$ cat data.cif   # mmCIF, C-alpha atoms (C1' of nucleotides) and all ligand atoms
data_data
loop_
_atom_site.label_atom_id
_atom_site.label_comp_id
_atom_site.auth_asym_id
_atom_site.auth_seq_id
_atom_site.Cartn_x
_atom_site.Cartn_y
_atom_site.Cartn_z
CA MET A 379 -71.71 18.95 -76.79
CA GLY A 380 -73.22 15.95 -78.50
CA ASP A 381 -70.41 14.09 -76.80
CA ASP A 382 -71.71 11.10 -74.92
CA THR A 383 -68.45 10.34 -73.21
CA SER A 384 -68.54 12.46 -70.12
CA LEU A 385 -72.21 13.31 -69.78
CA ASN A 386 -74.00 10.03 -70.23
CA PRO A 387 -74.60 8.29 -66.92
CA ARG A 388 -74.23 5.00 -68.81
CA HIS A 389 -70.63 6.08 -69.27
CA ASN A 390 -68.11 4.19 -71.31
CA LYS A 391 -67.33 1.47 -68.84
CA ALA A 392 -65.87 -0.39 -71.81
CA GLU A 393 -62.99 2.08 -72.01
CA VAL A 394 -62.09 1.40 -68.41
CA PHE A 395 -61.91 -2.33 -69.01
CA ALA A 396 -60.03 -1.97 -72.28
CA ARG A 397 -57.37 -0.07 -70.42
CA LEU A 398 -57.35 -2.72 -67.71
CA ARG A 399 -56.75 -5.47 -70.28
CA ASP A 400 -53.97 -3.35 -71.74
CA ALA A 401 -52.30 -3.07 -68.36
CA HIS A 402 -52.47 -6.83 -67.92
CA ALA A 403 -50.81 -7.40 -71.24
CA ARG A 404 -47.83 -5.37 -70.00
CA GLU A 405 -47.46 -6.69 -66.46
CA VAL A 406 -45.20 -9.65 -67.01
CA THR A 407 -42.96 -7.67 -69.33
CA GLU A 408 -42.66 -4.91 -66.75
CA ASP A 409 -41.83 -7.26 -63.89
CA TYR A 410 -39.26 -9.11 -66.00
CA VAL A 411 -37.32 -6.08 -67.21
CA GLU A 412 -37.32 -4.66 -63.70
CA MET A 413 -36.07 -7.95 -62.28
CA ILE A 414 -33.44 -8.38 -64.98
CA GLY A 415 -32.18 -4.90 -64.16
CA ASP A 416 -32.12 -5.76 -60.45
CA LEU A 417 -30.13 -8.92 -61.10
CA ILE A 418 -27.59 -7.13 -63.26
CA ALA A 419 -27.19 -4.50 -60.55
CA GLU A 420 -27.00 -6.98 -57.67
CA GLU A 421 -25.20 -9.94 -59.19
CA GLY A 422 -23.51 -8.56 -62.27
CA GLU A 423 -25.61 -10.59 -64.68
CA ALA A 424 -29.12 -11.91 -65.20
CA ARG A 425 -29.31 -15.69 -65.54
CA SER A 426 -32.42 -17.73 -66.25
CA VAL A 427 -32.02 -19.74 -63.11
CA ALA A 428 -32.11 -16.59 -60.96
CA LEU A 429 -35.23 -15.31 -62.70
CA ALA A 430 -36.95 -18.66 -62.21
CA GLU A 431 -36.08 -18.68 -58.54
CA ARG A 432 -37.21 -15.09 -57.91
CA PHE A 433 -40.48 -15.38 -59.81
CA GLY A 434 -41.16 -18.87 -58.51
CA VAL A 435 -41.69 -20.38 -61.95
CA THR A 436 -39.90 -23.11 -63.88
CA ALA A 437 -36.91 -22.60 -66.14
CA ALA A 438 -39.08 -23.46 -69.14
CA THR A 439 -41.46 -20.64 -68.32
CA VAL A 440 -38.58 -18.18 -68.04
CA ASN A 441 -37.29 -19.35 -71.39
CA ASN A 442 -40.63 -18.74 -73.10
CA THR A 443 -40.96 -15.32 -71.57
CA ILE A 444 -37.43 -14.28 -72.49
CA LYS A 445 -38.11 -15.25 -76.08
CA ARG A 446 -41.17 -13.05 -76.09
CA LEU A 447 -39.23 -10.17 -74.55
CA GLU A 448 -36.57 -10.62 -77.19
CA ARG A 449 -39.15 -10.69 -79.96
CA ASP A 450 -40.57 -7.44 -78.56
CA GLY A 451 -37.18 -5.77 -78.35
CA TYR A 452 -36.71 -5.54 -74.59
CA VAL A 453 -33.80 -7.94 -74.17
CA THR A 454 -31.09 -9.73 -76.07
CA SER A 455 -29.84 -13.20 -75.31
CA ARG A 456 -27.73 -15.95 -76.82
CA PRO A 457 -28.23 -19.65 -76.06
CA TYR A 458 -26.85 -20.74 -72.69
CA ARG A 459 -25.69 -17.19 -71.94
CA SER A 460 -27.06 -14.51 -69.64
CA ILE A 461 -29.69 -11.95 -70.55
CA PHE A 462 -29.17 -8.28 -71.38
CA LEU A 463 -31.56 -5.34 -71.53
CA THR A 464 -31.77 -3.33 -74.71
CA GLU A 465 -32.06 0.45 -74.58
CA LYS A 466 -35.79 0.01 -74.78
CA GLY A 467 -35.70 -2.55 -71.98
CA GLU A 468 -33.48 -0.39 -69.85
CA THR A 469 -35.78 2.58 -70.26
CA LEU A 470 -38.83 0.55 -69.29
CA ALA A 471 -37.02 -1.05 -66.35
CA LYS A 472 -36.02 2.32 -65.00
CA LYS A 473 -39.55 3.68 -65.26
CA CYS A 474 -41.01 0.59 -63.59
CA ARG A 475 -38.49 0.54 -60.79
CA GLU A 476 -39.21 4.17 -59.96
CA ARG A 477 -42.95 3.62 -60.13
CA HIS A 478 -42.64 0.54 -57.94
CA ARG A 479 -40.63 2.48 -55.41
CA ILE A 480 -43.18 5.30 -55.23
CA VAL A 481 -46.14 2.95 -54.83
CA TYR A 482 -44.37 0.97 -52.12
CA ASN A 483 -43.24 4.05 -50.23
CA PHE A 484 -46.67 5.59 -50.50
CA LEU A 485 -48.35 2.52 -49.01
CA VAL A 486 -45.89 2.43 -46.14
CA SER A 487 -46.30 6.17 -45.60
CA ILE A 488 -50.04 5.85 -45.03
CA GLY A 489 -49.53 3.10 -42.50
CA VAL A 490 -49.51 -0.19 -44.40
CA ASP A 491 -47.16 -2.78 -42.94
CA PRO A 492 -43.99 -3.00 -45.05
CA ALA A 493 -44.41 -6.74 -45.64
CA VAL A 494 -47.99 -6.24 -46.81
CA ALA A 495 -46.98 -3.24 -48.89
CA GLU A 496 -44.45 -5.41 -50.66
CA PHE A 497 -47.16 -7.81 -51.75
CA ASP A 498 -49.70 -5.18 -52.73
CA ALA A 499 -47.26 -2.88 -54.53
CA GLU A 500 -46.24 -5.67 -56.88
CA GLY A 501 -49.76 -5.71 -58.29
CA ILE A 502 -50.88 -2.13 -57.78
CA GLU A 503 -47.88 -0.64 -59.62
CA HIS A 504 -49.18 -1.87 -62.97
CA HIS A 505 -52.51 -0.09 -62.56
CA VAL A 506 -51.34 3.30 -61.39
CA SER A 507 -51.59 6.01 -64.04
CA GLU A 508 -49.01 8.77 -64.39
CA GLU A 509 -51.41 11.15 -62.71
CA THR A 510 -52.10 8.94 -59.72
CA LEU A 511 -48.39 8.26 -59.41
CA ARG A 512 -47.75 12.00 -59.19
CA VAL A 513 -50.35 12.29 -56.45
CA PHE A 514 -48.71 9.40 -54.55
CA ASP A 515 -45.30 11.01 -54.98
CA SER A 516 -46.45 14.43 -53.87
CA ARG A 517 -47.80 12.87 -50.65
CA LEU A 518 -44.41 11.40 -49.91
CA LYS A 519 -42.65 14.62 -49.06
CA MET B 791 -34.09 -17.84 -35.73
CA GLY B 792 -32.96 -20.05 -38.57
CA ASP B 793 -35.90 -18.54 -40.37
CA ASP B 794 -34.86 -17.26 -43.75
CA THR B 795 -38.09 -15.50 -44.53
CA SER B 796 -37.67 -12.11 -42.93
CA LEU B 797 -33.95 -11.85 -42.40
CA ASN B 798 -32.43 -12.99 -45.63
CA PRO B 799 -31.84 -10.09 -47.99
CA ARG B 800 -32.58 -12.57 -50.83
CA HIS B 801 -36.13 -12.53 -49.46
CA ASN B 802 -38.89 -14.70 -50.82
CA LYS B 803 -39.73 -12.64 -53.84
CA ALA B 804 -41.34 -15.79 -55.22
CA GLU B 805 -44.15 -15.57 -52.67
CA VAL B 806 -44.98 -12.06 -53.77
CA PHE B 807 -45.31 -13.13 -57.39
CA ALA B 808 -47.26 -16.26 -56.53
CA ARG B 809 -49.81 -14.08 -54.80
CA LEU B 810 -49.84 -11.73 -57.78
CA ARG B 811 -50.63 -14.62 -60.14
CA ASP B 812 -53.38 -15.68 -57.76
CA ALA B 813 -54.91 -12.22 -57.86
CA HIS B 814 -54.86 -12.26 -61.65
CA ALA B 815 -56.67 -15.55 -61.75
CA ARG B 816 -59.52 -13.95 -59.80
CA GLU B 817 -59.80 -10.59 -61.56
CA VAL B 818 -62.19 -11.45 -64.36
CA THR B 819 -64.45 -13.39 -62.01
CA GLU B 820 -64.56 -10.49 -59.60
CA ASP B 821 -65.39 -7.93 -62.25
CA TYR B 822 -68.09 -10.15 -63.75
CA VAL B 823 -69.95 -10.91 -60.53
CA GLU B 824 -69.78 -7.26 -59.57
CA MET B 825 -71.12 -6.21 -62.97
CA ILE B 826 -73.84 -8.85 -62.98
CA GLY B 827 -74.95 -7.53 -59.60
CA ASP B 828 -74.93 -3.98 -60.93
CA LEU B 829 -77.05 -4.95 -63.93
CA ILE B 830 -79.59 -6.77 -61.81
CA ALA B 831 -79.83 -3.74 -59.54
CA GLU B 832 -79.99 -1.20 -62.36
CA GLU B 833 -81.93 -3.01 -65.05
CA GLY B 834 -83.70 -5.84 -63.25
CA GLU B 835 -81.71 -8.54 -65.01
CA ALA B 836 -78.25 -9.34 -66.36
CA ARG B 837 -78.19 -10.17 -70.06
CA SER B 838 -75.17 -11.25 -72.07
CA VAL B 839 -75.53 -8.35 -74.43
CA ALA B 840 -75.29 -5.84 -71.61
CA LEU B 841 -72.19 -7.51 -70.19
CA ALA B 842 -70.57 -7.50 -73.62
CA GLU B 843 -71.30 -3.82 -74.07
CA ARG B 844 -70.06 -2.78 -70.65
CA PHE B 845 -66.87 -4.84 -70.78
CA GLY B 846 -66.25 -4.02 -74.43
CA VAL B 847 -65.87 -7.65 -75.48
CA THR B 848 -67.79 -9.85 -77.89
CA ALA B 849 -70.85 -11.92 -77.02
CA ALA B 850 -68.81 -15.07 -77.58
CA THR B 851 -66.31 -14.00 -74.94
CA VAL B 852 -69.10 -13.31 -72.45
CA ASN B 853 -70.54 -16.73 -73.15
CA ASN B 854 -67.24 -18.46 -72.42
CA THR B 855 -66.75 -16.52 -69.24
CA ILE B 856 -70.26 -17.17 -67.97
CA LYS B 857 -69.73 -20.89 -68.50
CA ARG B 858 -66.59 -20.71 -66.41
CA LEU B 859 -68.40 -18.75 -63.69
CA GLU B 860 -71.17 -21.33 -63.72
CA ARG B 861 -68.67 -24.18 -63.51
CA ASP B 862 -67.10 -22.43 -60.51
CA GLY B 863 -70.44 -21.89 -58.79
CA TYR B 864 -70.78 -18.11 -59.03
CA VAL B 865 -73.77 -17.90 -61.39
CA THR B 866 -76.60 -19.91 -62.81
CA SER B 867 -77.93 -19.56 -66.34
CA ARG B 868 -80.19 -21.32 -68.80
CA PRO B 869 -79.76 -21.10 -72.58
CA TYR B 870 -81.02 -17.83 -74.06
CA ARG B 871 -82.04 -16.56 -70.63
CA SER B 872 -80.54 -14.02 -68.30
CA ILE B 873 -77.85 -14.67 -65.72
CA PHE B 874 -78.30 -15.00 -61.96
CA LEU B 875 -75.84 -14.87 -59.08
CA THR B 876 -75.66 -17.78 -56.68
CA GLU B 877 -75.24 -17.17 -52.95
CA LYS B 878 -71.52 -17.56 -53.48
CA GLY B 879 -71.61 -15.10 -56.38
CA GLU B 880 -73.69 -12.62 -54.44
CA THR B 881 -71.31 -12.75 -51.51
CA LEU B 882 -68.29 -12.16 -53.73
CA ALA B 883 -70.05 -9.39 -55.65
CA LYS B 884 -70.89 -7.57 -52.45
CA LYS B 885 -67.35 -7.80 -51.17
CA CYS B 886 -65.93 -6.59 -54.47
CA ARG B 887 -68.36 -3.71 -54.81
CA GLU B 888 -67.48 -2.48 -51.35
CA ARG B 889 -63.75 -2.86 -51.99
CA HIS B 890 -64.07 -1.05 -55.30
CA ARG B 891 -65.96 1.79 -53.64
CA ILE B 892 -63.32 2.20 -50.95
CA VAL B 893 -60.43 2.19 -53.43
CA TYR B 894 -62.17 4.70 -55.68
CA ASN B 895 -63.13 7.01 -52.83
CA PHE B 896 -59.65 6.81 -51.39
CA LEU B 897 -58.04 7.82 -54.67
CA VAL B 898 -60.42 10.75 -55.05
CA SER B 899 -59.84 11.75 -51.43
CA ILE B 900 -56.10 12.13 -51.95
CA GLY B 901 -56.63 14.31 -54.99
CA VAL B 902 -56.83 12.01 -57.99
CA ASP B 903 -59.21 13.24 -60.68
CA PRO B 904 -62.46 11.21 -60.51
CA ALA B 905 -62.20 10.15 -64.17
CA VAL B 906 -58.64 8.93 -63.64
CA ALA B 907 -59.62 7.28 -60.36
CA GLU B 908 -62.28 5.34 -62.20
CA PHE B 909 -59.69 3.86 -64.53
CA ASP B 910 -57.09 3.12 -61.88
CA ALA B 911 -59.51 1.73 -59.27
CA GLU B 912 -60.71 -0.92 -61.72
CA GLY B 913 -57.24 -2.44 -61.69
CA ILE B 914 -55.98 -1.54 -58.22
CA GLU B 915 -58.98 -3.06 -56.42
CA HIS B 916 -57.82 -6.59 -57.25
CA HIS B 917 -54.42 -6.09 -55.66
CA VAL B 918 -55.42 -4.47 -52.40
CA SER B 919 -55.17 -6.76 -49.39
CA GLU B 920 -57.66 -6.65 -46.53
CA GLU B 921 -55.12 -4.78 -44.48
CA THR B 922 -54.41 -2.12 -47.07
CA LEU B 923 -58.14 -1.75 -47.65
CA ARG B 924 -58.63 -1.04 -43.95
CA VAL B 925 -55.93 1.62 -44.10
CA PHE B 926 -57.61 3.20 -47.15
CA ASP B 927 -60.97 3.10 -45.40
CA SER B 928 -59.65 4.59 -42.19
CA ARG B 929 -58.26 7.52 -44.16
CA LEU B 930 -61.69 8.22 -45.58
CA LYS B 931 -63.31 9.48 -42.42
"C1'" DA C 594 -98.97 -16.44 -87.82
"C1'" DT C 595 -94.76 -15.49 -89.47
"C1'" DA C 596 -90.74 -12.85 -91.15
"C1'" DG C 597 -87.01 -10.78 -89.71
"C1'" DC C 598 -83.99 -8.94 -86.40
"C1'" DA C 599 -81.60 -9.16 -82.10
"C1'" DA C 600 -79.63 -12.11 -78.80
"C1'" DT C 601 -77.30 -16.13 -77.85
"C1'" DT C 602 -74.65 -20.14 -78.75
"C1'" DT C 603 -71.24 -22.94 -81.09
"C1'" DA C 604 -67.05 -23.96 -83.53
"C1'" DG C 605 -62.63 -22.94 -84.46
"C1'" DC C 606 -58.69 -20.08 -83.91
"C1'" DC C 607 -55.01 -17.36 -81.36
"C1'" DT C 608 -51.66 -15.63 -77.59
"C1'" DT C 609 -50.12 -15.63 -72.99
"C1'" DG C 610 -48.26 -17.85 -69.39
"C1'" DA C 611 -48.02 -21.78 -66.78
"C1'" DC C 612 -46.47 -26.91 -66.36
"C1'" DT C 613 -43.59 -31.70 -66.96
"C1'" DA C 614 -40.32 -34.54 -69.15
"C1'" DA C 615 -36.55 -35.21 -71.89
"C1'" DC C 616 -32.58 -33.51 -74.08
"C1'" DT C 617 -28.28 -30.56 -74.74
"C1'" DT C 618 -24.71 -27.55 -73.32
"C1'" DT C 619 -21.60 -25.54 -70.08
"C1'" DA C 620 -18.60 -25.53 -66.44
"C1'" DA C 621 -16.62 -27.55 -62.24
"C1'" DA C 622 -14.57 -31.53 -59.84
"C1'" DA C 623 -12.20 -35.43 -59.84
"C1'" DT D 1334 -8.84 -34.84 -69.34
"C1'" DT D 1335 -12.83 -36.87 -68.42
"C1'" DT D 1336 -17.03 -37.13 -65.73
"C1'" DT D 1337 -20.85 -35.19 -63.80
"C1'" DA D 1338 -23.98 -31.76 -62.05
"C1'" DA D 1339 -26.15 -27.52 -62.98
"C1'" DA D 1340 -28.10 -24.58 -66.33
"C1'" DG D 1341 -30.57 -23.96 -70.31
"C1'" DT D 1342 -33.44 -25.57 -74.19
"C1'" DT D 1343 -37.08 -28.05 -76.60
"C1'" DA D 1344 -41.36 -30.45 -77.16
"C1'" DG D 1345 -45.78 -31.16 -75.87
"C1'" DT D 1346 -49.81 -30.04 -72.85
"C1'" DC D 1347 -53.19 -27.07 -70.63
"C1'" DA D 1348 -56.47 -23.19 -69.04
"C1'" DA D 1349 -57.77 -18.45 -69.44
"C1'" DG D 1350 -59.45 -15.09 -72.10
"C1'" DG D 1351 -59.65 -12.93 -76.28
"C1'" DC D 1352 -61.40 -13.03 -81.41
"C1'" DT D 1353 -64.47 -14.09 -86.01
"C1'" DA D 1354 -67.88 -16.47 -88.53
"C1'" DA D 1355 -71.77 -19.16 -88.73
"C1'" DA D 1356 -75.81 -21.39 -86.71
"C1'" DT D 1357 -79.66 -21.16 -83.64
"C1'" DT D 1358 -83.27 -19.28 -80.73
"C1'" DG D 1359 -86.62 -15.86 -79.10
"C1'" DC D 1360 -89.22 -11.80 -79.62
"C1'" DT D 1361 -91.62 -8.19 -82.08
"C1'" DA D 1362 -93.76 -5.99 -85.57
"C1'" DT D 1363 -96.36 -6.56 -89.31
MN MN A 1401 -42.31 -4.44 -59.93
MN MN A 1402 -45.34 -6.02 -60.49
MN MN A 1403 -64.78 -3.54 -59.78
MN MN A 1404 -61.79 -4.47 -61.55
#

$ encode --input "data.cif" --output "structure tokens" --more "lines below"
Ligand SMILES: [Mn+2]
Ligand SMILES: [Mn+2]
Ligand SMILES: [Mn+2]
Ligand SMILES: [Mn+2]
Amino acid sequence: MGDDTSLNPRHNKAEVFARLRDAHAREVTEDYVEMIGDLIAEEGEARSVALAERFGVTAATVNNTIKRLERDGYVTSRPYRSIFLTEKGETLAKKCRERHRIVYNFLVSIGVDPAVAEFDAEGIEHHVSEETLRVFDSRLK
Amino acid sequence: MGDDTSLNPRHNKAEVFARLRDAHAREVTEDYVEMIGDLIAEEGEARSVALAERFGVTAATVNNTIKRLERDGYVTSRPYRSIFLTEKGETLAKKCRERHRIVYNFLVSIGVDPAVAEFDAEGIEHHVSEETLRVFDSRLK
DNA sequence: ATAGCAATTTAGCCTTGACTAACTTTAAAA
DNA sequence: TTTTAAAGTTAGTCAAGGCTAAATTGCTAT
């Protein structure tokens, strides 16, 4: 009962923002593994040049990011060759793709224009908790 | 008809991500002006120490951010004194507070636990377009 | 009036994620 | 088989947004 967390009206706003910063730290990783998975599915392989074109960034930026993803165990790559997802990367990609799909479908289902939903879902997906995602999904049926 | 934008299955994903990066560039600013407004309303003034506590960051970080906000015309401040919103800052704060309120209320209205909604709304608010916000709001009545 | 504490600022560091320019490698065309 | 264009890499730069440690200022209690 001496617990300040839920009773104090000056509630722990700091926790909310810490979680927000956490989500931001994961966003690029999530979008990359999802996109790499998409490319492998659609084109048979994920090349830097395709990632650069789809994200609208330079090849140098893609290169930096891929190195970080490799360091963190999400992808493997060899110089001048295409990029592969590790088990860990594959798992994350699958989760993100499903989450993305649910958020997008939910927005469309409540009446958001598909083109607008495409924009908004790309950002919203990273800030939707498991619980909120379940609520979105349950509204889809 | 030669318009690639809406017909081409290799649609302009790049636009979506460009907008996402734009939204990210504005997030911290939006949360700060909103919080500064809250503090002025609740406590009569916005001090660095209160911002640091609420955001869960150090005083040095707050200082840096306030300087950026000042440079960009959202706040005014004098050394060792409290922080004030400019007209521009006030306008943005008001818009963000209202948007935040709508997103939060919408999440709660569809069955998300209020505590969870508080977390998720803090991130989602920055990625909700005017149009999606109107849809959320219209569902609230 | 001043000592000491709390608040603020400054300096210096780090990572992420972007860029340009220049270089290297690969692969396709000639 | 050689040339050349596309793809990928490297090097160097920058801003945002974090941090710690140390210096400074302002306020409060003695
Ligand atoms: Mn996505
Ligand atoms: Mn995304
Ligand atoms: Mn907010
Ligand atoms: Mn926010």

$ interface_residues --input "data.cif" --of "chain B" --to "chain C" --cutoff "9 Å" --atoms "only C-alpha atoms (C1' of nucleotides)" --output "short mmCIF file (atom, residue, chain, number, x, y, z; two decimals) with C-alpha atoms, keeping the file's coordinate frame"
data_model
loop_
_atom_site.label_atom_id
_atom_site.label_comp_id
_atom_site.auth_asym_id
_atom_site.auth_seq_id
_atom_site.Cartn_x
_atom_site.Cartn_y
_atom_site.Cartn_z
CA SER B 838 -75.17 -11.25 -72.07
CA VAL B 839 -75.53 -8.35 -74.43
CA ALA B 849 -70.85 -11.92 -77.02
CA ALA B 850 -68.81 -15.07 -77.58
CA ASN B 853 -70.54 -16.73 -73.15
CA PRO B 869 -79.76 -21.10 -72.58
CA TYR B 870 -81.02 -17.83 -74.06
CA ARG B 871 -82.04 -16.56 -70.63
#

$ calpha_fit_and_write --input "data.cif" --fixed "chain A" --moving "chain B" --output "short mmCIF file (atom, residue, chain, number, x, y, z; two decimals) with C-alpha atoms, in the frame of the given file"
data_model
loop_
_atom_site.label_atom_id
_atom_site.label_comp_id
_atom_site.auth_asym_id
_atom_site.auth_seq_id
_atom_site.Cartn_x
_atom_site.Cartn_y
_atom_site.Cartn_z
CA MET B 791 -72.42 19.03 -76.29
CA GLY B 792 -73.72 15.98 -78.08
CA ASP B 793 -70.80 14.27 -76.44
CA ASP B 794 -71.92 11.12 -74.71
CA THR B 795 -68.67 10.44 -72.95
CA SER B 796 -68.92 12.47 -69.78
CA LEU B 797 -72.61 13.18 -69.49
CA ASN B 798 -74.28 9.89 -70.17
CA PRO B 799 -74.86 7.94 -66.98
CA ARG B 800 -74.30 4.78 -69.09
CA HIS B 801 -70.71 6.01 -69.32
CA ASN B 802 -68.07 4.28 -71.38
CA LYS B 803 -67.27 1.51 -68.97
CA ALA B 804 -65.81 -0.32 -71.96
CA GLU B 805 -62.91 2.13 -72.14
CA VAL B 806 -62.01 1.45 -68.55
CA PHE B 807 -61.84 -2.29 -69.15
CA ALA B 808 -59.96 -1.91 -72.42
CA ARG B 809 -57.28 -0.02 -70.55
CA LEU B 810 -57.28 -2.68 -67.84
CA ARG B 811 -56.67 -5.41 -70.42
CA ASP B 812 -53.87 -3.30 -71.85
CA ALA B 813 -52.24 -3.02 -68.45
CA HIS B 814 -52.42 -6.78 -68.00
CA ALA B 815 -50.72 -7.36 -71.30
CA ARG B 816 -47.76 -5.34 -70.04
CA GLU B 817 -47.43 -6.67 -66.49
CA VAL B 818 -45.17 -9.65 -67.05
CA THR B 819 -42.89 -7.66 -69.34
CA GLU B 820 -42.61 -4.90 -66.77
CA ASP B 821 -41.79 -7.24 -63.92
CA TYR B 822 -39.22 -9.11 -66.00
CA VAL B 823 -37.27 -6.09 -67.22
CA GLU B 824 -37.29 -4.67 -63.71
CA MET B 825 -36.04 -7.96 -62.28
CA ILE B 826 -33.41 -8.41 -64.96
CA GLY B 827 -32.13 -4.94 -64.12
CA ASP B 828 -32.09 -5.81 -60.43
CA LEU B 829 -30.11 -8.99 -61.06
CA ILE B 830 -27.55 -7.22 -63.21
CA ALA B 831 -27.14 -4.59 -60.50
CA GLU B 832 -27.00 -7.07 -57.62
CA GLU B 833 -25.21 -10.04 -59.13
CA GLY B 834 -23.47 -8.69 -62.21
CA GLU B 835 -25.61 -10.70 -64.61
CA ALA B 836 -29.14 -12.00 -65.14
CA ARG B 837 -29.35 -15.77 -65.49
CA SER B 838 -32.48 -17.78 -66.22
CA VAL B 839 -32.11 -19.77 -63.05
CA ALA B 840 -32.17 -16.64 -60.92
CA LEU B 841 -35.27 -15.32 -62.67
CA ALA B 842 -37.01 -18.66 -62.18
CA GLU B 843 -36.18 -18.67 -58.49
CA ARG B 844 -37.26 -15.10 -57.87
CA PHE B 845 -40.52 -15.36 -59.81
CA GLY B 846 -41.24 -18.85 -58.51
CA VAL B 847 -41.77 -20.34 -61.97
CA THR B 848 -40.01 -23.08 -63.89
CA ALA B 849 -36.99 -22.60 -66.14
CA ALA B 850 -39.15 -23.47 -69.13
CA THR B 851 -41.52 -20.62 -68.34
CA VAL B 852 -38.62 -18.18 -68.05
CA ASN B 853 -37.31 -19.36 -71.39
CA ASN B 854 -40.64 -18.72 -73.11
CA THR B 855 -40.95 -15.31 -71.58
CA ILE B 856 -37.42 -14.27 -72.48
CA LYS B 857 -38.09 -15.24 -76.09
CA ARG B 858 -41.15 -13.03 -76.09
CA LEU B 859 -39.18 -10.15 -74.54
CA GLU B 860 -36.49 -10.62 -77.17
CA ARG B 861 -39.07 -10.67 -79.96
CA ASP B 862 -40.48 -7.42 -78.56
CA GLY B 863 -37.07 -5.77 -78.34
CA TYR B 864 -36.61 -5.55 -74.57
CA VAL B 865 -33.71 -7.98 -74.14
CA THR B 866 -30.99 -9.75 -76.03
CA SER B 867 -29.78 -13.26 -75.26
CA ARG B 868 -27.67 -16.01 -76.76
CA PRO B 869 -28.22 -19.71 -76.04
CA TYR B 870 -26.91 -20.81 -72.65
CA ARG B 871 -25.73 -17.29 -71.85
CA SER B 872 -27.07 -14.60 -69.59
CA ILE B 873 -29.68 -12.02 -70.49
CA PHE B 874 -29.11 -8.36 -71.31
CA LEU B 875 -31.46 -5.39 -71.48
CA THR B 876 -31.65 -3.37 -74.67
CA GLU B 877 -31.91 0.42 -74.53
CA LYS B 878 -35.66 -0.01 -74.75
CA GLY B 879 -35.60 -2.57 -71.94
CA GLU B 880 -33.37 -0.42 -69.79
CA THR B 881 -35.65 2.56 -70.23
CA LEU B 882 -38.72 0.56 -69.28
CA ALA B 883 -36.95 -1.07 -66.33
CA LYS B 884 -35.94 2.30 -64.96
CA LYS B 885 -39.43 3.68 -65.26
CA CYS B 886 -40.93 0.62 -63.60
CA ARG B 887 -38.43 0.55 -60.76
CA GLU B 888 -39.14 4.17 -59.96
CA ARG B 889 -42.90 3.64 -60.16
CA HIS B 890 -42.64 0.57 -57.95
CA ARG B 891 -40.61 2.50 -55.40
CA ILE B 892 -43.13 5.32 -55.26
CA VAL B 893 -46.11 2.98 -54.88
CA TYR B 894 -44.37 1.00 -52.15
CA ASN B 895 -43.24 4.08 -50.25
CA PHE B 896 -46.67 5.61 -50.54
CA LEU B 897 -48.36 2.55 -49.07
CA VAL B 898 -45.91 2.45 -46.18
CA SER B 899 -46.33 6.19 -45.64
CA ILE B 900 -50.07 5.87 -45.09
CA GLY B 901 -49.58 3.11 -42.56
CA VAL B 902 -49.56 -0.16 -44.46
CA ASP B 903 -47.24 -2.76 -42.96
CA PRO B 904 -44.05 -2.98 -45.08
CA ALA B 905 -44.47 -6.73 -45.66
CA VAL B 906 -48.05 -6.22 -46.84
CA ALA B 907 -47.00 -3.22 -48.92
CA GLU B 908 -44.47 -5.39 -50.68
CA PHE B 909 -47.19 -7.78 -51.78
CA ASP B 910 -49.72 -5.15 -52.79
CA ALA B 911 -47.25 -2.83 -54.56
CA GLU B 912 -46.22 -5.64 -56.91
CA GLY B 913 -49.74 -5.67 -58.33
CA ILE B 914 -50.84 -2.07 -57.84
CA GLU B 915 -47.83 -0.59 -59.66
CA HIS B 916 -49.13 -1.82 -63.02
CA HIS B 917 -52.46 -0.04 -62.64
CA VAL B 918 -51.29 3.35 -61.48
CA SER B 919 -51.50 6.06 -64.12
CA GLU B 920 -48.91 8.81 -64.45
CA GLU B 921 -51.32 11.18 -62.79
CA THR B 922 -52.03 8.97 -59.80
CA LEU B 923 -48.32 8.30 -59.46
CA ARG B 924 -47.67 12.04 -59.24
CA VAL B 925 -50.29 12.33 -56.51
CA PHE B 926 -48.67 9.44 -54.60
CA ASP B 927 -45.26 11.03 -55.01
CA SER B 928 -46.41 14.45 -53.91
CA ARG B 929 -47.78 12.93 -50.72
CA LEU B 930 -44.38 11.47 -49.93
CA LYS B 931 -42.61 14.70 -49.13
#

$ interface_residues --input "data.cif" --of "chain A" --to "chain B" --cutoff "6 Å" --atoms "only C-alpha atoms" --output "tab-separated table (two decimals) with C-alpha atoms, keeping the file's coordinate frame"
chain	number	residue	atom	x	y	z
A	391	LYS	CA	-67.33	1.47	-68.84
A	392	ALA	CA	-65.87	-0.39	-71.81
A	394	VAL	CA	-62.09	1.40	-68.41
A	395	PHE	CA	-61.91	-2.33	-69.01
A	432	ARG	CA	-37.21	-15.09	-57.91
A	433	PHE	CA	-40.48	-15.38	-59.81
A	434	GLY	CA	-41.16	-18.87	-58.51
A	490	VAL	CA	-49.51	-0.19	-44.40
A	497	PHE	CA	-47.16	-7.81	-51.75
A	498	ASP	CA	-49.70	-5.18	-52.73
A	501	GLY	CA	-49.76	-5.71	-58.29
A	502	ILE	CA	-50.88	-2.13	-57.78
A	505	HIS	CA	-52.51	-0.09	-62.56
A	506	VAL	CA	-51.34	3.30	-61.39
A	510	THR	CA	-52.10	8.94	-59.72

$ closest_residue --input "data.cif" --among "A:Ser460, A:Glu405, A:Ala419, A:Tyr410" --to "chain D" --atoms "all atoms listed in the file"
A:Ser460

$ atom_distance --input "data.cif" --atom1 "atom CA of Arg861 of chain B" --atom2 "atom C1' of DA1356 of chain D"
24.4 Å

$ axis_aligned_box --input "data.cif" --around "segment 1342-1359 of chain D" --padding-each-side "3 Å" --output "AutoDock Vina command-line options"
--center_x -60.0 --center_y -22.0 --center_z -78.9 --size_x 59.2 --size_y 24.2 --size_z 25.7
